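A.B. asks: Mind looking over this structure? Questions follow.
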Amino acid sequence: MTEAKKPLRIGVLALQGAYAEHINLLKRFKDDVAEIIQVKTKDQLENSGLDALILPGGESTTMALVAERSGVMEPLREWVKSKKPVWGTCAGMILLSNTAHKIKKGGQTLIGGLDVTVKRNAFGAQVDSFVADLDVEALSDPKPFPGVFIRAPIIESLDADDVEVIAKVKKERTGEENIVAVRQGNLLATAFHPELTEDTRFHRLFIEMVRSAKA
């Protein structure tokens, strides 16, 4: 079996947030994913033979605080620098970004690596959550993807030429289009929560990215 075809070991950062939902969807890819690791420690991140990592949705400030207190923040930064595939969803996208606006008092620690500027809670509070059909050409099937937005961020600016926009959403009140998904090299980021749907196409896209990185 070639290296590119071997079953994958994918880690999901499990400090806080919707990591269980990502794990449940990854379990559907039995032919592709040999093991799913809940990453809570530096040792699990560095010594589990991971091919890729998912940063789930949740509360980005809390997630960053737990990561710092548990000694995982700096190893996460080094892991992203290693160029292995990383996917951040919602709070995970915030953590993966190089710059974040509308942060809480006291600041927001970031992992960084993705050359974008994000704005937290861009659509309002929890009561303003919504689902929108997204056109995503990068997916295997062209039908709209159900984007679940919960206190979601947006990408305010692309800060490098190689950041590729893969999805936008239009605000109902203003008609303004906002960037809500990008890809840069082996980094994938979505402002919405694919793990809270029954649609596995974004997880398939990430697995394909991991396969390409190993090829």
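The chains in the structure tokens are called A, B, ... from first to last as shown; in each chain the residues are counted from 1, and the ligands are counted from 1 in the order shown.
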Using only C-alpha atoms, determine which residues lie at most 10 Å from Ile94 in chain A, disregarding the query and same-chain residues fewer than 4 positions distant; provide the list as a count of residues only.
C.D. replies: 30
A.B. asks: Please provide as a short mmCIF file (atom, residue, chain, number, x, y, z; two decimals) with C-alpha atoms, in the first residue's frame all residues within 12 Å of Glu68 in chain A, with the sequence filter that same-chain residues fewer than 4 positions apart are discarded (counting only C-alpha atoms).
C.D. replies:
```cif
data_model
loop_
_atom_site.label_atom_id
_atom_site.label_comp_id
_atom_site.auth_asym_id
_atom_site.auth_seq_id
_atom_site.Cartn_x
_atom_site.Cartn_y
_atom_site.Cartn_z
CA LEU A 15 -10.05 21.02 24.94
CA LYS A 40 -5.63 17.24 24.89
CA THR A 41 -1.89 17.17 25.60
CA LYS A 42 1.42 18.02 23.99
CA THR A 61 -11.09 32.57 24.18
CA THR A 62 -11.81 29.63 26.49
CA MET A 63 -10.12 27.21 24.11
CA ALA A 64 -7.01 29.39 23.98
CA VAL A 72 -0.47 22.90 24.27
CA MET A 73 -0.52 26.38 22.69
CA GLU A 74 3.11 26.57 21.62
CA PRO A 75 3.15 22.95 20.35
CA LEU A 76 0.03 23.79 18.31
CA ARG A 77 1.85 26.73 16.73
CA GLN A 108 -7.28 36.81 22.34
CA THR A 109 -4.36 34.42 22.08
CA LEU A 110 -4.09 32.91 18.60
CA ILE A 111 -2.30 29.90 17.15
#
```
A.B. asks: Hey, what's within 7 Å of range 128-145 of chain A if we count only C-alpha atoms and toss same-chain stuff fewer than 4 positions away? As a list in words, please?
C.D. replies: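 Listing them by chain and then by number gives Phe123, Gly124, Phe149, Ile150, Arg151, Ile166, Ala167, Val169, Arg201, Phe202 and Leu205 of chain A.
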A.B. asks: Take the selection from the previous step and output its residues with C-alpha atoms, as a PDB file, in the first residue's frame.
C.D. replies:
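The resulting file, again.pdb, is shown below:
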```pdb
ATOM      1  CA  PHE A 123     -23.517  38.077  12.779  1.00  0.00           C
ATOM      2  CA  GLY A 124     -24.578  38.807  16.355  1.00  0.00           C
ATOM      3  CA  PHE A 149     -23.623  29.806  11.591  1.00  0.00           C
ATOM      4  CA  ILE A 150     -23.574  30.133  15.405  1.00  0.00           C
ATOM      5  CA  ARG A 151     -22.021  33.358  16.744  1.00  0.00           C
ATOM      6  CA  ILE A 166     -14.030  28.919  -1.271  1.00  0.00           C
ATOM      7  CA  ALA A 167     -17.315  30.208   0.191  1.00  0.00           C
ATOM      8  CA  VAL A 169     -22.494  34.211   2.513  1.00  0.00           C
ATOM      9  CA  ARG A 201     -18.598  16.797   1.947  1.00  0.00           C
ATOM     10  CA  PHE A 202     -16.352  19.228   3.836  1.00  0.00           C
ATOM     11  CA  LEU A 205     -12.580  17.707   1.150  1.00  0.00           C
TER      12      LEU A 205
END
```
A.B. asks: Can you work out which one of A:Ala181, A:Ala14, A:Ile207, A:Leu187 has the shortest atom-to-atom distance to Ser82 in chain A, counting only C-alpha atoms?
C.D. replies: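 Result for the nearest residue to Ser82 in chain A: A:Leu187.
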A.B. asks: What gap, in Å, lies between CA of Ile10 in chain A and CA of Leu196 in chain A?
C.D. replies: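 Taking CA of Ile10 in chain A as the start and CA of Leu196 in chain A as the end point, the length is 18.4 Å.
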A.B. asks: Can you work out which one of A:Asp51, A:Glu176, A:Glu46, A:Glu35 has the shortest atom-to-atom distance to Glu208 in chain A, counting only C-alpha atoms?
C.D. replies: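 That would be A:Asp51, the residue with the smallest distance to Glu208 in chain A.
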A.B. asks: Residues of range 24-133 of chain A in helix (DSSP H, G or I) according to DSSP, as a VMD selection string?
C.D. replies: chain A and resid 24 to 26 42 to 46 60 to 69 73 to 81 91 to 96 126 to 128
A.B. asks: Please indicate the distance in Å from CA of Leu188 in chain A to CA of Leu95 in chain A, rounded to one decimal place.
C.D. replies: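 Separation of CA of Leu188 in chain A and CA of Leu95 in chain A: 12.2 Å.
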A.B. asks: Restricting the calculation to only C-alpha atoms: of A:Leu45, A:Leu8, A:Leu13, A:Leu96, which residue gets closest to Lys27 in chain A?
C.D. replies: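 Looking at the shortest contact to Lys27 in chain A, the residue is A:Leu8.
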A.B. asks: In Å, rounded to a single decimal, give me how far CA of Trp87 in chain A is from CA of Tyr19 in chain A.
C.D. replies: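 It comes out at 12.2 Å.
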A.B. asks: DSSP on the backbone: which residues in range 50-143 of chain A end up as strand (DSSP E)? Give the answer as a PyMOL selection string.
C.D. replies: chain A and resi 52-55+86-89+97-101+114-119+130-134
